[in-house]
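Colleague: Quick one: the structure is below, questions incoming.
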Amino acid sequence: MTGTLLRPTRRLSGKADGRAGTRTSARRRRPGYWFVLPAVALFAIFFLYPLLSSLWQSFFSTTGGVSTWVGGAQYMRLFHDPLVGKSLFNVGLILVIQVPLMVCTALGLAYLLNQSWLRFRTGFRAIHFLPAVTTLVAYSLVFRVMLATDGGAVNQMLGMFGMSPVDWLNSEAWSRVALIASITWRWTGYNMVIILAGLQGIPAELYEAARIDGAGRWAIFAKIVIPQLRPVILFSSITSTIGALQLFDENFILTGGGPNNATLTPVLYLYKVGFQQFDFGYASAIAWLLVAIIAVVSVVQFVIMKEKK
Amino acid sequence: MTQTLKKFPVYLVLLVGAVLSIIPFLWMVIASTHTTADVFATPLPLLPGRELWNNLARLQKETNFSQVMLNSLVVAIIYTAFSSVVSAMCGYGLAKFRFRGRGLVLGAVLLTMMIPMQVLLVPLFQMMASLGWVNTFQALILPFLANAFGIFLMRQAFLDFPDSLIESARIDGAGELKTFYRIVMPVARPQLAALMIYTFISQWNSFIWPLLMLNTEDKYTLPVALNTMIGLSRVDYSGLMLGSLLATLPLLLVFIIFQKQFVSGLMGGAVKG
């Protein structure tokens with residue numbers, strides 16, 4: 001109510017205090033610039049300029065140290081490059097398998113860890129969150145050692161159950177499984193904590209009302225918990241999606257993008273094209289493909305969020 | 001009785017989850033106290049061995065590990081300090097002042113959160129090269145000092161800050177800067193702490209940019225140093241596990257000491273709406 005009443009006046013006064021205004025607002029205007037200035041200057045130099053430079057360079061060919069204008073040729077190259085296709089396919093696979101798997105697991109764990117009768121609640125929460133405390137490169141290394149084909153901890157454990165060793169990091173299918181398992185290990189607890197915070201925001205009266213109406217445990221979960229958590233689950237899914245699109249550390253350390261590019265991601269490909277082949281023009285085009293995809297994801301997120309409100 | 005039986009599966013699920021969460025940590029600790037041969041021996045060593053000090057000495061000798069650790073700490077701490085101040089100032093300016101272009105700045109901040117930093121890799125690399133900043137710490141710190149997420153977070157924190165407090169400080173004759181660091185900053189301490197922890201973690205984890213920028217051992221940060229260790233012809237796996245453990249310890253300490261701020265720092269304003 002008050003919001004709609006205030007809006008037109010605020011717009012009017014905003015224009016007014018751009019010129020004259022009262023004495024306090026006149027005094028308050030100038031310092032605003034000084035507070036914002038450092039950030040704006042840093043953004044202009046280290047964000048805006050490189051951003052435009054990257055867009056500009058994506059229209060050039062830089063092979064051999066000489067730049068020539070090639071128009072949209074680098075972008076056409078994206079469509080015909082099987083490695084771009086493969087890296088997008090790999091990420092797509094993670095999005096379809098890993099993100100739902102992780103978000104559902106995190107939701108389940110958060111729900112269980114929110115039960116008031118649970119003993120050792122704090123302890124369980126801390127332990128499940130522990131993986132989120134590891135440094136990305138360090139945990140990737142630990143997984144690399146544990147997943148070694150000969151004598152790796154995982155294969156030795158499988159051996160105890162009479163199973164033959166799996167070539168985790170050198171077979172196309174298993175390397176994807178290994179990558180998905182590692183990311184899931186690292187990020188499930190993180191998402192669990194976010195969902196847990198969302199769960200604690202659900203008013204207790206809602207549960208009570210449902211119980212009085214005779215709703216069972218599953219009915220409460222499906223009719224109250226899930227709908228109330230929708231924005232949080234959406235947030236988890238979107239950040240995980242964007243995280244997967246930007247995947248680099250884990251697959252760089254685990255497999256280097258191999259075998260046969262089965263774990264190549266767009267960012268790793270960008271790194272290889274730009275900093276191993278020094279093809280800056282094409283690397284910039286790959287970067288802008290990534291920007292486009294992430295922009296679409298963000299817009300979709302924005303639209304869904306708005307609809308629910 | 002039946003109640004207890006019903007709860008049993010819940011405890012089982014949580015226990016399995018806890019074991020899965022903790023095994024890689026345990027393995028990291030155990031492996032770092034054995035020789036590389038033992039890390040892959042059958043049966044696996046299940047208890048800590050006696051090689052910890054040998055591994056540590058070797059790690060130090062081969063990779064100058066204390067220097068690397070110090071580099072990581074220095075870069076992360078300087079970055080955190082400056083970046084938080086820049087974020088807090090900008091967030092305060094956006095929340096509490098009206099000036100021309102404010103909407104533009106706010107819009108730009110929100111927009112930059114959507115753009116992945118990888119787009120900047122090539123041009124930033126060229127920029128650092130032409131400035132002669134390759135293999136320096138300022139190349140790691142300066143380009144990312146203005147952090148859109150941090151600015152947004154601090155703006156949210158300052159929006160709720162009562163104007164009357166700022167006004168009364170002004171009436172008492174305090175200048176704008178003094179008002180900011182004497183009155184405003186102390187009140188926003190919890191949010192600032194969360195932001196600082198978040199910033200520290202992200203800098204500590206930072207890999208792809210330092211990987212591009214650093215090329216001598218004396219400047220390496222932890223992730224870069226660990227990465228070069230796997231490039232060697234004979235990989236020192238137990239040393240590598242010890243290095244990973246030492247790279248994780250500071251974050252673990254921050255987590256234990258500042259649990260609350262740690263979590264809210266990681267989440268950022270995720271669960272507000």
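By order of appearance in the structure tokens: chains A, B, ..., then residues from 1 within every chain, and ligands from 1 in the order shown.
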Which residues, written as a count of residues only, have at least one atom at most 10 Å from range 202-216 of chain B, with only C-alpha atoms counted and residues fewer than 3 positions away on the same chain left out?

Modeller: 54

Colleague: For Leu142 in chain B, list every protein, DNA or RNA residue within 10 Å, evaluated using only C-alpha atoms, and leave out those in the same chain fewer than 3 positions away; present the list as an MDAnalysis selection string.

Modeller: (chainID A and resid 42 46) or (chainID B and resid 79 82:83 137:139 145:146)

Colleague: List every residue of range 3-248 of chain B that DSSP, applied to the backbone of this structure, assigns to helix (DSSP H, G or I), and report them as a ChimeraX atom specification.

Modeller: /B:3-31,36-39,52-63,65-96,102-112,117-131,137-144,148-159,163-171,176-187,189-205,208-213,217-219,222-229,237-248

Colleague: What does the structure give for the distance between CA of Leu55 in chain A and CA of Thr265 in chain A, in Å to one decimal?

Modeller: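 Taking CA of Leu55 in chain A and CA of Thr265 in chain A, their separation equals 20.9 Å.
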
Colleague: Do a neighbour search on range 165-173 of chain B at 9 Å with only C-alpha atoms, toss out local chain neighbours closer than 6 positions, and write the hits as a list in words.

Modeller: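 Final neighbour list, sorted by chain and number: Thr24 of chain A; Thr179, Phe180, Ile183 and Val184 of chain B.
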
Colleague: Would you mind telling me which residue in A:Leu141, A:Leu51, A:Ala204, A:Val70 lies nearest to Leu179 in chain A when using only C-alpha atoms?

Modeller: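 For Leu179 in chain A, the nearest of the given residues is A:Leu141.
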
Colleague: For each of B:Leu111, B:Leu5, B:Leu192, B:Leu52, take the minimum atom-to-atom distance to chain A, counting only C-alpha atoms, then give the residue where this is smallest.

Modeller: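 The shortest atom-to-atom distance to chain A comes from B:Leu111.
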
Colleague: Calculated over only C-alpha atoms, which of the candidates B:Leu252, B:Leu232, B:Met89, B:Ala194 has the smallest distance to Glu176 in chain B?

Modeller: B:Met89

Colleague: Report, in Å to a single decimal, how far apart CA of Leu107 in chain A and CA of Pro231 in chain A are.

Modeller: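 Here the two named atoms are 12.9 Å from each other.
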
Colleague: Nearest to chain B: which of A:Tyr75, A:Trp69, A:Phe221, A:Phe280 is it, counting only C-alpha atoms?

Modeller: A:Phe280

Colleague: Skip Met146 in chain A itself and residues of its chain fewer than 5 positions away, then list as a ChimeraX atom specification all residues within 12 Å of it, counting only C-alpha atoms.

Modeller: /A:139-141,151-158,166-169,178,182,254 /B:23-28,31,39-40,44,237-238,241

Colleague: Kindly export the residues of the current selection with N, CA, C and O atoms, as a compact mmCIF listing (two decimals), in the first residue's frame.

Modeller:
```txt
# COMPACT_ATOMS: atom_id res chain seq x y z
N TYR A 139 40.79 -30.88 -3.14
CA TYR A 139 39.88 -32.02 -3.13
C TYR A 139 39.93 -32.77 -4.45
O TYR A 139 39.82 -34.00 -4.49
N SER A 140 40.14 -32.03 -5.56
CA SER A 140 40.26 -32.71 -6.85
C SER A 140 41.47 -33.64 -6.85
O SER A 140 41.41 -34.75 -7.40
N LEU A 141 42.55 -33.21 -6.21
CA LEU A 141 43.75 -34.04 -6.13
C LEU A 141 43.48 -35.29 -5.29
O LEU A 141 43.90 -36.38 -5.66
N GLY A 151 45.68 -49.63 -7.41
CA GLY A 151 45.95 -49.35 -6.01
C GLY A 151 45.23 -48.15 -5.44
O GLY A 151 45.43 -47.80 -4.29
N GLY A 152 44.38 -47.51 -6.22
CA GLY A 152 43.59 -46.40 -5.70
C GLY A 152 42.63 -46.90 -4.62
O GLY A 152 42.18 -48.05 -4.66
N ALA A 153 42.32 -46.04 -3.65
CA ALA A 153 41.50 -46.47 -2.52
C ALA A 153 40.15 -47.00 -2.96
O ALA A 153 39.66 -48.00 -2.44
N VAL A 154 39.52 -46.33 -3.92
CA VAL A 154 38.18 -46.74 -4.35
C VAL A 154 38.21 -48.13 -4.96
O VAL A 154 37.40 -49.00 -4.62
N ASN A 155 39.16 -48.37 -5.86
CA ASN A 155 39.24 -49.70 -6.49
C ASN A 155 39.60 -50.78 -5.49
O ASN A 155 39.15 -51.92 -5.60
N GLN A 156 40.40 -50.43 -4.48
CA GLN A 156 40.72 -51.43 -3.46
C GLN A 156 39.49 -51.80 -2.64
O GLN A 156 39.30 -52.95 -2.27
N MET A 157 38.66 -50.78 -2.39
CA MET A 157 37.43 -51.07 -1.66
C MET A 157 36.49 -51.94 -2.49
O MET A 157 35.88 -52.88 -1.99
N LEU A 158 36.41 -51.63 -3.79
CA LEU A 158 35.60 -52.46 -4.68
C LEU A 158 36.13 -53.89 -4.67
O LEU A 158 35.36 -54.85 -4.69
N VAL A 166 38.02 -50.49 -11.68
CA VAL A 166 37.42 -49.67 -12.73
C VAL A 166 38.46 -48.64 -13.18
O VAL A 166 39.17 -48.08 -12.35
N ASP A 167 38.54 -48.42 -14.49
CA ASP A 167 39.50 -47.46 -15.01
C ASP A 167 38.89 -46.05 -14.97
O ASP A 167 38.60 -45.45 -15.99
N TRP A 168 38.75 -45.54 -13.74
CA TRP A 168 37.97 -44.32 -13.51
C TRP A 168 38.35 -43.14 -14.40
O TRP A 168 37.49 -42.49 -14.97
N LEU A 169 39.63 -42.84 -14.48
CA LEU A 169 40.02 -41.58 -15.11
C LEU A 169 40.45 -41.75 -16.57
O LEU A 169 40.75 -40.77 -17.25
N ALA A 178 33.21 -40.22 -12.63
CA ALA A 178 34.13 -39.74 -11.58
C ALA A 178 33.97 -38.25 -11.37
O ALA A 178 33.91 -37.76 -10.24
N SER A 182 32.62 -36.45 -8.00
CA SER A 182 33.44 -35.49 -7.24
C SER A 182 32.68 -34.20 -6.99
O SER A 182 32.67 -33.69 -5.87
N LEU A 254 41.50 -33.44 -12.37
CA LEU A 254 41.17 -34.87 -12.40
C LEU A 254 41.64 -35.55 -13.68
O LEU A 254 42.29 -36.59 -13.65
N ILE B 23 35.22 -39.62 4.52
CA ILE B 23 36.26 -40.55 4.05
C ILE B 23 37.39 -39.84 3.29
O ILE B 23 38.56 -40.04 3.59
N PRO B 24 37.08 -38.96 2.31
CA PRO B 24 38.20 -38.30 1.61
C PRO B 24 39.10 -37.50 2.54
O PRO B 24 40.31 -37.46 2.33
N PHE B 25 38.52 -36.90 3.59
CA PHE B 25 39.33 -36.17 4.58
C PHE B 25 40.26 -37.13 5.31
O PHE B 25 41.45 -36.89 5.43
N LEU B 26 39.65 -38.24 5.79
CA LEU B 26 40.44 -39.22 6.53
C LEU B 26 41.57 -39.74 5.67
O LEU B 26 42.71 -39.85 6.10
N TRP B 27 41.23 -40.02 4.40
CA TRP B 27 42.22 -40.57 3.50
C TRP B 27 43.36 -39.57 3.27
O TRP B 27 44.53 -39.94 3.24
N MET B 28 42.98 -38.29 3.16
CA MET B 28 43.97 -37.24 2.97
C MET B 28 44.95 -37.22 4.16
O MET B 28 46.16 -37.16 3.97
N ALA B 31 46.97 -40.66 4.19
CA ALA B 31 47.94 -40.75 3.09
C ALA B 31 49.11 -39.79 3.29
O ALA B 31 50.22 -40.08 2.87
N VAL B 39 50.72 -45.41 -0.10
CA VAL B 39 49.42 -44.82 -0.46
C VAL B 39 48.67 -45.75 -1.41
O VAL B 39 47.45 -45.81 -1.41
N PHE B 40 49.44 -46.50 -2.23
CA PHE B 40 48.81 -47.39 -3.20
C PHE B 40 49.00 -48.87 -2.86
O PHE B 40 48.79 -49.75 -3.68
N LEU B 44 45.30 -51.27 1.96
CA LEU B 44 45.51 -49.85 2.22
C LEU B 44 45.86 -49.61 3.68
O LEU B 44 45.32 -50.29 4.55
N TYR B 237 53.08 -38.55 -4.37
CA TYR B 237 51.66 -38.54 -3.97
C TYR B 237 51.45 -38.27 -2.49
O TYR B 237 50.49 -37.59 -2.13
N SER B 238 52.30 -38.80 -1.64
CA SER B 238 52.07 -38.54 -0.21
C SER B 238 52.34 -37.07 0.10
O SER B 238 51.64 -36.46 0.90
N MET B 241 49.31 -35.21 -0.96
CA MET B 241 48.20 -35.30 -0.01
C MET B 241 48.44 -34.40 1.20
O MET B 241 47.51 -33.77 1.71
```

Colleague: Do you know which residues are at most 9 Å from Val297 in chain A counting only C-alpha atoms, after dropping those on the same chain fewer than 6 positions away, and could you put them as a PyMOL selection string?

Modeller: chain A and resi 238+241-242

Colleague: With a distance cut-off of 10 Å and only C-alpha atoms, select the neighbouring residues of Pro190 in chain B, excluding the residue or stretch itself and same-chain residues fewer than 5 positions from it, and output the selection as a PyMOL selection string.

Modeller: chain B and resi 157+185+195-196+260-261+264-265

Colleague: How many Å separate CA of Ala95 in chain B from CA of Leu177 in chain B?

Modeller: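 Rounded to one decimal, the two atoms are 15.2 Å apart.
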
Colleague: Smallest atom-to-atom distance to Ile233 in chain A: which of A:Pro165, A:Pro100, A:Pro259, A:Gly274, using only C-alpha atoms?

Modeller: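 Result for the nearest residue to Ile233 in chain A: A:Pro100.
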
Colleague: Using only C-alpha atoms, find the one residue out of B:Val187, B:Ala174, B:Ile257, B:Met114 that sits nearest to chain A.

Modeller: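 With only C-alpha atoms as the atom set, the closest residue is B:Met114.
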
Colleague: Quick one: residues within 10 Å of Ile45 in chain A, only C-alpha atoms counted, chain neighbours fewer than 4 positions away excluded, as a VMD selection string?

Modeller: (chain A and resid 40 to 41 49 to 51) or (chain B and resid 124 127 143)
